[in-house]
Structure formats: structure tokens, C-alpha cells
Amino acid sequence: MSDVTTTDLYEATMALSYLREDMRAPATFSLFVRDLPPGRGFLVAAGLEPALDFLAGYRVEREDVEEFADALHRPVPDLEPLLGLNFEGEVRAVPEGHVVFAGEPLLEVTAPLPQAQLVETYLLNQVCHQTAVASKAARCVLAAAGRPVVDFSLRRTHGPSAGLQAARLGALTGFAGTSNVAAATALGIPASGTMAHSYIEAFPSEEGEEAAFRAFARCHPGPVTFLVDTYDTVAGVRTAARVLTDLRRGPGCAIRLDSGDLDALARQARAVLDAAGLTDVRIVASGGLDEYGVDRLVHAGAPIDVYAVGTRVGVAADAPYLDAAYKLVEYDGRPVMKLSSAKVTAPGRKQVFRRPGRPDVIALWQQRPPVSARPLLRTVMRGGRRTGPPDRWQDARERLRGPHRAVRPGTADPRSRTGPAGHVPSSSGTDRERARGSRSPYLPGTRRHHGRAFRTTGRLELTGPVGRRGPAQGPMAPGAPAHRGLRWDRRRHPSVPPPGGGEDDDRSRTDQEGSPGCLP
């Protein structure tokens, strides 16, 4: 199956009509999120890199024409005007790793109208899914308050490719590792993993967990992580402590809790380990966790050193989709807009300007930036070719943890491999001291911060209640006053409604900016 035909049918029918009517003038489409999902205060831009790969290789071949003709029940010659069409346009976009808000364009495509239309579905698919998952992952990192977070989502994501994306997006947002071997090897992400309950159960019951732990340790001579909750959790911790003491394997090793009251069990486990002199053995928690569960445990002071998140993060369970749109805003030099009820769009090419300590500004692309503002949208493709080398996930991670401090990752270096089986490197600070009473002040939707939003002020922080939308809310109807969180200069453009995005003029660019069983 070709990526060209991975599209909605109406893209092909419209493009064919445009070609027959000779409507080939440049068109600009803006891709933006109308509203933030409930409980969200921000999004993390993601999915741009695979979108650019798709555009750079886009070309309608003979087999694509035949597939379009078959889908339309039309003779192949009727679809031949599409043959040979490739993407020759320009893309301006927010680079991956930047924090964005509702109404702000994540990317704008300017290309001959048939080309810009045909690529809509694929771009929406890539950018929306990956932005949703990246935003969920970033919230987990924030909730963990400096403790390492690991991706365990592959078995529950919606297909292997989605699992690969989830692993990359976790690393991009500050995760310390992934259980996904393919992602680890392909993308240079530290590999993480322990053992399953089936491993413990496979050993004869009379030998119990101890035989399983000793066998695993014999196979993996370095630090190991033992899963202790297959039968009786506290008894499993005692068995693990005895084996680790006998083998003199304390430093770098860990136990994993995967069920039950993780707060209470972590406290009991910590007491058992400390009493055995294993103060360096760390506690890993997993089992249905996302940012809400992690935040509760951190806020409670649970002595947990590493959080492994899977299902709920890999599918962004509480907000699995974004209310996003890819809308025509200009054709042949003429601004255009949609006036449908509750779906009004703002005309014209746009730019988003960001200033420390103040709301973002959405402006037309030719407007001068406010004082001390920097543009978010950069020109990343011209003439169908990238304007620079592809971004690595490490670049996006640095962008996210940079000027706006959107995440506070642990100390694990994402560019290096972790140690032997079951190794759990420490995060910055003394974890158990940090756990007592520590609290992430950044998490929206919690008891203290429900219904609040974020703004960029040198780090992400909370502002007053603004309902479901973030501080940069989406396009409004013509004539409406400037809405909360946006600045719109009505003196310059009295007849134009507040827009929802922008362009990066090159002159204003200021943002050029393990082995098996291993756990970070």
C-alpha cells in the first residue's frame, strides 16, 4: 500500500477537479488544534519529522492512479491527470518539542492547490496522533518530578508502528528508556525491561520465587530487577532481599511492584530492603499508571524511584484524539475563511510569537513581531525539499527542556546505553528525600489545579482559570473582541478577525535553534 493512497477519497476527487479546472495557483493550508482536550493545559508539538519525510518522497505513480481509479469505479485514463504529481511546496512549522496551545498553527503548507489538498489526511494523521501522545508523555515526566519514567506501552498501542512512535515520543519528552527493542536499536533509546509474572510461575511452586530470582541472576551477571508481586508481595520483597544479599548484588539492582496499593507496598518494601542493608536497591512501580497515578504517588511521598507507564500513555487514553483541522486560509493571494457555526477559521498565513512571561501572539505572517518575541513557525521545507537536516528526537528533547523548562527529566543520558540487566541509575537529588511531600506544581486537572492553563514564562506555570482552552485560544468569529490569551492588533487590521497561526520569515528567525532486563 502506497503512502500516496493512504488518504481520504475526497482528497483525490477534489485534486482531480482542481487539475481539470486548471486551479493550480499556490494555496496555504493551516493545521491547528481548535480546543485543548479536557484537563489539558498545553500540547507538545510532535509528528513533524515523519510528515516531512512523507512530503519529501511524495509522488503519484501509475499504481497509485490505478488504486484511485479502482476506488472511484472509474477508468484509469480518467485519473491520469494525477500521474506524476509530486510535492513542490513550502512548509512552515513549529519544530517538535515546542509547547503549543489551542488555535496556534502547528504547521502551514503552501503549494499548488492540488498538491496541498492531497497531503491533508496524512499530515493530520501524523501530527495529531503524535502530538496527543507526546503531550501525555510530557505530563508523566512533569508528574514524576525528576524521577525516571520508562515506556512500557508497546503491547497495548494501536499497532507496532504506533508503538515505535510512542517510544520515540517518550524519549523526546524526557523518558529514560523503553521496553521496545526495535525502537531502542533503531532510535538509540536506552532499552529497559525486567521479567514477567510468567517467568516466576514457570518455576516449580515448591522452589517458589527464590529459584526464579537466582536463575535470573545467574543469566544476567550485572544489576538485576526482580518482579516481587506474583504471589505475596511483601514475602516476595523479603525473598528478593535474601537473594540480593547472598549474591552481593545490591547497588544498581531494583525490585518492581506491578499491582495493589503501590503507595503502601512501596513503603513496606522500602522498610524490608533498608532493614536488610539494601538501601541502594531501588523500587520500580508499574501497572496502569499515567500522570494522574504518578502524581498521586509523588504527592503522597511514596518511596518509588522509577515509574514505568504503558497502556494509558501509549494510547493517550484520556485524550486519544485532538480536535484538529487542516483548513484553507489563502488561495492565489486571496485570504479565505470558513464561516460554519462553531468552526470559523481565520484567513491568511500566520505566525505565532512567544514572549517570556506573556501570552503568545498569533499574527499575520507579515506583521512585525512584538518586542522581545520570537517566532515559533520556521520554514522547514521549500520546493519540496527540507531546508536543513532532519531533527533528531534528542534535538526536540533539548528544545522541550530548554528555555521554557517544559520537562524536568532525570539524569539518564538518552544518547547512551544503560548498564547490564536490570540496572536502575539514580536520578538527580536524593530520591527518597525528594519523594517526601514533593509535588509537581505543573499538572493540570488535579485537585489543586483543576481547570487551569499554562503559559510560557521561562518555565511552564499556571495562570488563572480559562476553562478548556489554553491561553492561546483558537480563531474567533469576525468582529469579536480579542479573546483571553491572545493579542490582536485591530488598529492594523480592523476588518480581519483574530487569526489562529503564522509564518517564519527567514529574516526574523531567532529559534535556529541496554541489555536484556535493563531498567533506567
# chains A, B, ... in the order shown; residues from 1 in each chain; ligands from 1

$ residues_around --residues "A:Phe32" --least-positions-apart "5" --cutoff "8 Å" --atoms "only C-alpha atoms" --output "list in words"
Ala102, Gly103, Glu104, Pro105, Leu106, Leu107, Ala324, Ala325, Tyr326, Gly500 and Gly501 of chain A

$ residues_around --residues "A:Asp78" --least-positions-apart "4" --cutoff "12 Å" --atoms "only C-alpha atoms" --output "PyMOL selection string"
chain A and resi 12-13+16-17+19-20+65-66+68-70+72-74+82-83

$ write_last_selection --atoms "N, CA, C and O atoms" --output "PDB file, in the first residue's frame"
ATOM      1  N   ALA A  12      -8.600  12.996  -3.268  1.00  0.00           N
ATOM      2  CA  ALA A  12      -8.319  12.688  -4.669  1.00  0.00           C
ATOM      3  C   ALA A  12      -9.373  13.276  -5.598  1.00  0.00           C
ATOM      4  O   ALA A  12      -9.052  13.797  -6.678  1.00  0.00           O
ATOM      5  N   THR A  13     -10.650  13.213  -5.189  1.00  0.00           N
ATOM      6  CA  THR A  13     -11.692  13.754  -6.064  1.00  0.00           C
ATOM      7  C   THR A  13     -11.556  15.262  -6.213  1.00  0.00           C
ATOM      8  O   THR A  13     -11.748  15.816  -7.313  1.00  0.00           O
ATOM      9  N   LEU A  16      -8.395  16.045  -8.409  1.00  0.00           N
ATOM     10  CA  LEU A  16      -8.654  15.786  -9.825  1.00  0.00           C
ATOM     11  C   LEU A  16      -9.474  16.917 -10.438  1.00  0.00           C
ATOM     12  O   LEU A  16      -9.198  17.386 -11.556  1.00  0.00           O
ATOM     13  N   SER A  17     -10.467  17.398  -9.712  1.00  0.00           N
ATOM     14  CA  SER A  17     -11.277  18.504 -10.215  1.00  0.00           C
ATOM     15  C   SER A  17     -10.451  19.776 -10.355  1.00  0.00           C
ATOM     16  O   SER A  17     -10.570  20.510 -11.343  1.00  0.00           O
ATOM     17  N   LEU A  19      -7.313  20.015 -10.997  1.00  0.00           N
ATOM     18  CA  LEU A  19      -6.449  19.889 -12.176  1.00  0.00           C
ATOM     19  C   LEU A  19      -7.235  20.105 -13.459  1.00  0.00           C
ATOM     20  O   LEU A  19      -6.765  20.769 -14.400  1.00  0.00           O
ATOM     21  N   ARG A  20      -8.451  19.544 -13.533  1.00  0.00           N
ATOM     22  CA  ARG A  20      -9.257  19.706 -14.743  1.00  0.00           C
ATOM     23  C   ARG A  20      -9.702  21.150 -14.930  1.00  0.00           C
ATOM     24  O   ARG A  20      -9.902  21.604 -16.048  1.00  0.00           O
ATOM     25  N   VAL A  65      -2.460   5.788  -9.307  1.00  0.00           N
ATOM     26  CA  VAL A  65      -3.566   6.183 -10.185  1.00  0.00           C
ATOM     27  C   VAL A  65      -4.550   5.018 -10.349  1.00  0.00           C
ATOM     28  O   VAL A  65      -5.776   5.199 -10.304  1.00  0.00           O
ATOM     29  N   GLU A  66      -4.006   3.821 -10.507  1.00  0.00           N
ATOM     30  CA  GLU A  66      -4.873   2.651 -10.670  1.00  0.00           C
ATOM     31  C   GLU A  66      -5.700   2.399  -9.406  1.00  0.00           C
ATOM     32  O   GLU A  66      -6.878   2.034  -9.494  1.00  0.00           O
ATOM     33  N   PHE A  68      -6.604   4.720  -7.169  1.00  0.00           N
ATOM     34  CA  PHE A  68      -7.627   5.769  -7.110  1.00  0.00           C
ATOM     35  C   PHE A  68      -8.779   5.440  -8.062  1.00  0.00           C
ATOM     36  O   PHE A  68      -9.961   5.596  -7.714  1.00  0.00           O
ATOM     37  N   ALA A  69      -8.434   5.002  -9.262  1.00  0.00           N
ATOM     38  CA  ALA A  69      -9.471   4.673 -10.252  1.00  0.00           C
ATOM     39  C   ALA A  69     -10.343   3.523  -9.748  1.00  0.00           C
ATOM     40  O   ALA A  69     -11.578   3.543  -9.905  1.00  0.00           O
ATOM     41  N   ASP A  70      -9.718   2.522  -9.155  1.00  0.00           N
ATOM     42  CA  ASP A  70     -10.473   1.387  -8.630  1.00  0.00           C
ATOM     43  C   ASP A  70     -11.414   1.832  -7.509  1.00  0.00           C
ATOM     44  O   ASP A  70     -12.565   1.396  -7.449  1.00  0.00           O
ATOM     45  N   LEU A  72     -12.757   4.730  -7.127  1.00  0.00           N
ATOM     46  CA  LEU A  72     -13.812   5.583  -7.680  1.00  0.00           C
ATOM     47  C   LEU A  72     -14.659   4.877  -8.733  1.00  0.00           C
ATOM     48  O   LEU A  72     -15.609   5.482  -9.258  1.00  0.00           O
ATOM     49  N   HIS A  73     -14.289   3.621  -9.069  1.00  0.00           N
ATOM     50  CA  HIS A  73     -15.006   2.873 -10.113  1.00  0.00           C
ATOM     51  C   HIS A  73     -15.017   3.673 -11.415  1.00  0.00           C
ATOM     52  O   HIS A  73     -16.045   3.784 -12.093  1.00  0.00           O
ATOM     53  N   ARG A  74     -13.822   4.181 -11.729  1.00  0.00           N
ATOM     54  CA  ARG A  74     -13.660   4.988 -12.945  1.00  0.00           C
ATOM     55  C   ARG A  74     -12.568   4.372 -13.801  1.00  0.00           C
ATOM     56  O   ARG A  74     -11.661   3.700 -13.293  1.00  0.00           O
ATOM     57  N   LEU A  82      -3.584  12.981 -12.433  1.00  0.00           N
ATOM     58  CA  LEU A  82      -2.841  12.928 -11.171  1.00  0.00           C
ATOM     59  C   LEU A  82      -1.442  12.335 -11.336  1.00  0.00           C
ATOM     60  O   LEU A  82      -0.584  12.532 -10.466  1.00  0.00           O
ATOM     61  N   LEU A  83      -1.218  11.594 -12.423  1.00  0.00           N
ATOM     62  CA  LEU A  83       0.037  10.876 -12.599  1.00  0.00           C
ATOM     63  C   LEU A  83       1.230  11.829 -12.612  1.00  0.00           C
ATOM     64  O   LEU A  83       1.241  12.836 -13.313  1.00  0.00           O
TER      65      LEU A  83
END

$ closest_residue --among "A:Leu400, A:Ala167, A:Ala215, A:Leu376" --to "A:Ile362" --atoms "only C-alpha atoms"
A:Leu376

$ residues_around --residues "A:Ala212" --least-positions-apart "6" --cutoff "9 Å" --atoms "only C-alpha atoms" --output "PyMOL selection string"
chain A and resi 199-203

$ select_by_dssp --residues "stretch 60-275 of chain A" --states "helix (DSSP H, G or I)" --output "ChimeraX atom specification"
/A:62-72,76-82,113-118,120-144,154-156,160-173,181-187,197-201,208-219,233-247,262-275

$ atom_distance --atom1 "atom CA of A:Arg24" --atom2 "atom CA of A:Pro114"
6.6 Å

$ residues_around --residues "A:Ala319" --least-positions-apart "5" --cutoff "8 Å" --atoms "only C-alpha atoms" --output "PyMOL selection string"
chain A and resi 37-38+132

$ write_last_selection --atoms "C-alpha atoms" --output "PDB file, in the first residue's frame"
ATOM      1  CA  PRO A  37      -8.812  18.234  25.459  1.00  0.00           C
ATOM      2  CA  PRO A  38     -10.462  18.411  28.889  1.00  0.00           C
ATOM      3  CA  ALA A 132      -1.517  13.770  21.584  1.00  0.00           C
TER       4      ALA A 132
END

$ residues_around --residues "A:Ala56" --least-positions-apart "6" --cutoff "12 Å" --atoms "only C-alpha atoms" --output "list in words"
Asp3, Val4, Glu49, Pro50, Asn86, Phe87, Glu88, Gly89, Glu90, Val91, Val119, Val380, Met381, Arg382, Gly383, Gly384, Arg385, Arg386, Thr387 and Pro390 of chain A

$ residues_around --residues "A:Ala184" --least-positions-apart "3" --cutoff "10 Å" --atoms "only C-alpha atoms" --output "list in words"
Leu164, Ala167, Arg168, Ala171, Gly177, Thr178, Ser179, Asn180, Val181, Leu187, Gly188, Ile189, Pro190, Ala191, Ser192, Arg417 and Gly514 of chain A

$ write_last_selection --atoms "N, CA, C and O atoms" --output "mmCIF file, in the first residue's frame"
data_model
loop_
_atom_site.group_PDB
_atom_site.id
_atom_site.type_symbol
_atom_site.label_atom_id
_atom_site.label_comp_id
_atom_site.auth_asym_id
_atom_site.auth_seq_id
_atom_site.Cartn_x
_atom_site.Cartn_y
_atom_site.Cartn_z
ATOM 1 N N LEU A 164 6.316 2.147 18.055
ATOM 2 C CA LEU A 164 7.585 2.801 17.753
ATOM 3 C C LEU A 164 7.478 4.307 17.969
ATOM 4 O O LEU A 164 8.386 4.937 18.541
ATOM 5 N N ALA A 167 7.455 5.127 21.739
ATOM 6 C CA ALA A 167 8.791 5.063 22.327
ATOM 7 C C ALA A 167 9.594 6.310 21.977
ATOM 8 O O ALA A 167 10.276 6.896 22.844
ATOM 9 N N ARG A 168 9.515 6.725 20.716
ATOM 10 C CA ARG A 168 10.243 7.936 20.301
ATOM 11 C C ARG A 168 9.708 9.166 21.024
ATOM 12 O O ARG A 168 10.484 10.018 21.486
ATOM 13 N N ALA A 171 10.881 9.305 24.627
ATOM 14 C CA ALA A 171 12.268 9.786 24.712
ATOM 15 C C ALA A 171 12.333 11.284 24.449
ATOM 16 O O ALA A 171 13.062 12.019 25.128
ATOM 17 N N GLY A 177 13.870 5.552 29.119
ATOM 18 C CA GLY A 177 14.073 4.340 28.352
ATOM 19 C C GLY A 177 12.773 3.784 27.831
ATOM 20 O O GLY A 177 11.687 4.317 28.082
ATOM 21 N N THR A 178 12.870 2.659 27.091
ATOM 22 C CA THR A 178 11.701 1.986 26.529
ATOM 23 C C THR A 178 11.901 0.490 26.572
ATOM 24 O O THR A 178 13.034 -0.001 26.483
ATOM 25 N N SER A 179 10.803 -0.255 26.683
ATOM 26 C CA SER A 179 10.874 -1.715 26.602
ATOM 27 C C SER A 179 10.918 -2.196 25.160
ATOM 28 O O SER A 179 11.170 -3.376 24.911
ATOM 29 N N ASN A 180 10.674 -1.321 24.200
ATOM 30 C CA ASN A 180 10.565 -1.661 22.788
ATOM 31 C C ASN A 180 11.960 -1.823 22.186
ATOM 32 O O ASN A 180 12.663 -0.838 21.953
ATOM 33 N N VAL A 181 12.356 -3.067 21.923
ATOM 34 C CA VAL A 181 13.707 -3.338 21.431
ATOM 35 C C VAL A 181 13.943 -2.694 20.068
ATOM 36 O O VAL A 181 15.006 -2.128 19.795
ATOM 37 N N LEU A 187 16.463 3.858 17.161
ATOM 38 C CA LEU A 187 16.467 5.276 17.508
ATOM 39 C C LEU A 187 17.504 5.641 18.569
ATOM 40 O O LEU A 187 17.639 6.799 18.924
ATOM 41 N N GLY A 188 18.224 4.653 19.087
ATOM 42 C CA GLY A 188 19.233 4.959 20.086
ATOM 43 C C GLY A 188 18.646 5.322 21.434
ATOM 44 O O GLY A 188 19.222 6.118 22.175
ATOM 45 N N ILE A 189 17.500 4.720 21.770
ATOM 46 C CA ILE A 189 16.862 4.959 23.062
ATOM 47 C C ILE A 189 17.310 3.852 24.015
ATOM 48 O O ILE A 189 17.362 2.681 23.626
ATOM 49 N N PRO A 190 17.643 4.163 25.258
ATOM 50 C CA PRO A 190 18.023 3.102 26.199
ATOM 51 C C PRO A 190 16.922 2.048 26.325
ATOM 52 O O PRO A 190 15.749 2.380 26.466
ATOM 53 N N ALA A 191 17.316 0.763 26.284
ATOM 54 C CA ALA A 191 16.364 -0.330 26.413
ATOM 55 C C ALA A 191 16.148 -0.664 27.881
ATOM 56 O O ALA A 191 17.096 -0.671 28.672
ATOM 57 N N SER A 192 14.887 -0.949 28.228
ATOM 58 C CA SER A 192 14.529 -1.201 29.622
ATOM 59 C C SER A 192 13.630 -2.422 29.717
ATOM 60 O O SER A 192 12.809 -2.661 28.837
ATOM 61 N N ARG A 417 23.754 4.120 26.071
ATOM 62 C CA ARG A 417 23.103 2.894 26.513
ATOM 63 C C ARG A 417 23.184 2.782 28.028
ATOM 64 O O ARG A 417 24.107 3.293 28.654
ATOM 65 N N GLY A 514 20.260 -1.092 26.132
ATOM 66 C CA GLY A 514 20.888 -1.807 27.183
ATOM 67 C C GLY A 514 20.748 -3.263 26.943
ATOM 68 O O GLY A 514 20.227 -3.777 26.031
#

$ closest_atom_pairs --of "stretch 136-249 of chain A" --to "stretch 262-281 of chain A" --cutoff "10 Å" --atoms "only C-alpha atoms" --output "CSV"
residue,atom,partner,partner_atom,distance
A:Pro223,CA,A:Val281,CA,9.7
A:Val224,CA,A:Val281,CA,9.8
A:Thr225,CA,A:Val281,CA,9.1
A:Val228,CA,A:Ala269,CA,9.6
A:Asp229,CA,A:Leu265,CA,9.6
A:Thr233,CA,A:Leu265,CA,7.6
A:Val234,CA,A:Ala269,CA,6.5
A:Ala235,CA,A:Ala269,CA,9.5
A:Gly236,CA,A:Ala269,CA,9.2
A:Val237,CA,A:Ala269,CA,6.1
A:Arg238,CA,A:Val272,CA,6.5
A:Ala240,CA,A:Leu273,CA,8.9
A:Ala241,CA,A:Leu273,CA,6.2
A:Arg242,CA,A:Ala276,CA,8.0
A:Leu244,CA,A:Leu278,CA,8.4
A:Thr245,CA,A:Ala276,CA,7.8
A:Arg248,CA,A:Leu278,CA,9.8
A:Arg249,CA,A:Val281,CA,9.0

$ select_by_dssp --residues "stretch 188-373 of chain A" --states "strand (DSSP E or B)" --output "PyMOL selection string"
chain A and resi 191+225-227+254-257+282-285+306-309+323-331+334-335+350-355+358-364

$ atom_distance --atom1 "atom CA of A:Leu113" --atom2 "atom CA of A:Pro26"
5.8 Å

$ atom_distance --atom1 "atom CA of A:Ala316" --atom2 "atom CA of A:Val133"
5.3 Å
